[in-house]
Amino acid sequence: KLTSLQHLDLSDNNFSGTFPTQIQSLTELTYLFLNNNHYLTGPLPEWISTMTKLVDLSLKQTSRDGPLPSSLAELTDLVFLGLDDKDLAGQIPTELGTMSELQLLILNRNSLTGPVPQQLLELPILSLLTLDRNSLTGSVNDLCMDSDPTNTTLTILQTDCLEVTCGCCTKCCDDANPAVCGEDFVYDGT
């Protein structure tokens, strides 16, 4: 019933079960963090895409599984999408490359497969992209191709360089030696 609520952070609890559908009635929500609720299970619900005012969405370390819904691209105001450290599988939807406000995309430590969609490389203000510890293939070299480095907004690019060609990664990870990547990026919404 908190229909004017804009900021909801329920991180670091022991919530269990499926994603609470009542959250979708919070139509003014711009910030939704449910990090570190290891017992929230199931796929990402399709109805998240109806929460079009979201700017920050993080579900890190919740037991999300299944595919990444292409409907996430309907969140056109989204600046931060943190879906790391879960069991998301399948390919990264090409539609995510249409999210023109997206600056921080964190998809590492999942079970994502297939090539890195070239559409992601066209995000105009992307500054952080983490794809490591997945089973992705292909190349992210197009992010490196600008001859004028001041034209790029990307400051952190992290992937598994044995599987994904990356000439400009800030950190190349190795699935056989996870310590190579060190600390993960932490975003608090500020």
# chains A, B, ... in the order shown; residues from 1 in each chain; ligands from 1

$ closest_atom_pairs --of "segment 11-39 of chain A" --to "segment 64-77 of chain A" --cutoff "12 Å" --atoms "only C-alpha atoms" --output "CSV"
residue,atom,partner,partner_atom,distance
A:Ser16,CA,A:Arg64,CA,11.6
A:Gly17,CA,A:Arg64,CA,10.8
A:Thr18,CA,A:Arg64,CA,9.2
A:Phe19,CA,A:Arg64,CA,9.2
A:Leu29,CA,A:Asp77,CA,11.7
A:Thr30,CA,A:Asp77,CA,9.0
A:Tyr31,CA,A:Asp77,CA,11.2
A:Leu34,CA,A:Arg64,CA,11.3
A:Asn35,CA,A:Arg64,CA,11.1
A:Asn36,CA,A:Arg64,CA,11.3
A:Asn37,CA,A:Arg64,CA,10.2
A:His38,CA,A:Arg64,CA,8.9
A:Tyr39,CA,A:Arg64,CA,9.2

$ residues_around --residues "Lys60 of chain A" --least-positions-apart "2" --cutoff "8 Å" --atoms "only C-alpha atoms" --output "NGL selection string"
:A and (34-36 or 58 or 62 or 82-86)

$ closest_residue --among "A:Thr170, A:Gln24, A:Thr98, A:Gln158" --to "Ile125 of chain A" --atoms "only C-alpha atoms"
A:Thr98

$ select_by_dssp --residues "chain A" --states "strand (DSSP E)" --output "PyMOL selection string"
chain A and resi 7-9+16-17+31-33+39-43+56-58+63-67+80-82+87-90+104-106+111-115+128-130+135-139+156-160+164-165+171-173

$ atom_distance --atom1 "atom CA of Val116 of chain A" --atom2 "atom CA of Leu40 of chain A"
27.4 Å

$ residues_around --residues "Asp160 of chain A" --least-positions-apart "6" --cutoff "9 Å" --atoms "only C-alpha atoms" --output "VMD selection string"
chain A and resid 131 to 137 166 171 to 175

$ select_by_dssp --residues "segment 1-186 of chain A" --states "helix (DSSP H, G or I)" --output "PyMOL selection string"
chain A and resi 21-25+46-50+70-74+94-98+118-122+141-143+149-151+178-181

$ residues_around --residues "Glu122 of chain A" --least-positions-apart "4" --cutoff "10 Å" --atoms "only C-alpha atoms" --output "PDB file with N, CA and C atoms, in the first residue's frame"
ATOM      1  N   GLY A  97      20.925  -4.190 -25.228  1.00  0.00           N
ATOM      2  CA  GLY A  97      21.705  -3.178 -25.926  1.00  0.00           C
ATOM      3  C   GLY A  97      20.918  -1.938 -26.295  1.00  0.00           C
ATOM      4  N   THR A  98      19.612  -1.932 -26.051  1.00  0.00           N
ATOM      5  CA  THR A  98      18.785  -0.753 -26.338  1.00  0.00           C
ATOM      6  C   THR A  98      18.594   0.124 -25.103  1.00  0.00           C
ATOM      7  N   MET A  99      19.148  -0.248 -23.982  1.00  0.00           N
ATOM      8  CA  MET A  99      18.952   0.477 -22.725  1.00  0.00           C
ATOM      9  C   MET A  99      19.919   1.663 -22.662  1.00  0.00           C
ATOM     10  N   SER A 100      19.534   2.744 -23.286  1.00  0.00           N
ATOM     11  CA  SER A 100      20.447   3.866 -23.526  1.00  0.00           C
ATOM     12  C   SER A 100      20.901   4.586 -22.263  1.00  0.00           C
ATOM     13  N   PRO A 117      26.566 -10.328 -26.849  1.00  0.00           N
ATOM     14  CA  PRO A 117      25.845  -9.618 -27.909  1.00  0.00           C
ATOM     15  C   PRO A 117      26.549  -8.317 -28.291  1.00  0.00           C
ATOM     16  N   GLN A 118      26.750  -8.131 -29.567  1.00  0.00           N
ATOM     17  CA  GLN A 118      27.395  -6.910 -30.046  1.00  0.00           C
ATOM     18  C   GLN A 118      26.578  -5.673 -29.698  1.00  0.00           C
ATOM     19  N   LEU A 126      27.750   3.401 -21.114  1.00  0.00           N
ATOM     20  CA  LEU A 126      28.177   2.296 -20.256  1.00  0.00           C
ATOM     21  C   LEU A 126      29.564   2.592 -19.683  1.00  0.00           C
ATOM     22  N   ASP A 142      35.286  -4.360 -29.742  1.00  0.00           N
ATOM     23  CA  ASP A 142      34.699  -3.130 -30.262  1.00  0.00           C
ATOM     24  C   ASP A 142      34.653  -2.032 -29.205  1.00  0.00           C
ATOM     25  N   LEU A 143      34.679  -2.418 -27.945  1.00  0.00           N
ATOM     26  CA  LEU A 143      34.753  -1.418 -26.879  1.00  0.00           C
ATOM     27  C   LEU A 143      36.130  -0.779 -26.815  1.00  0.00           C
TER      28      LEU A 143
END

$ atom_distance --atom1 "atom CA of Asp9 of chain A" --atom2 "atom CA of Thr52 of chain A"
17.5 Å
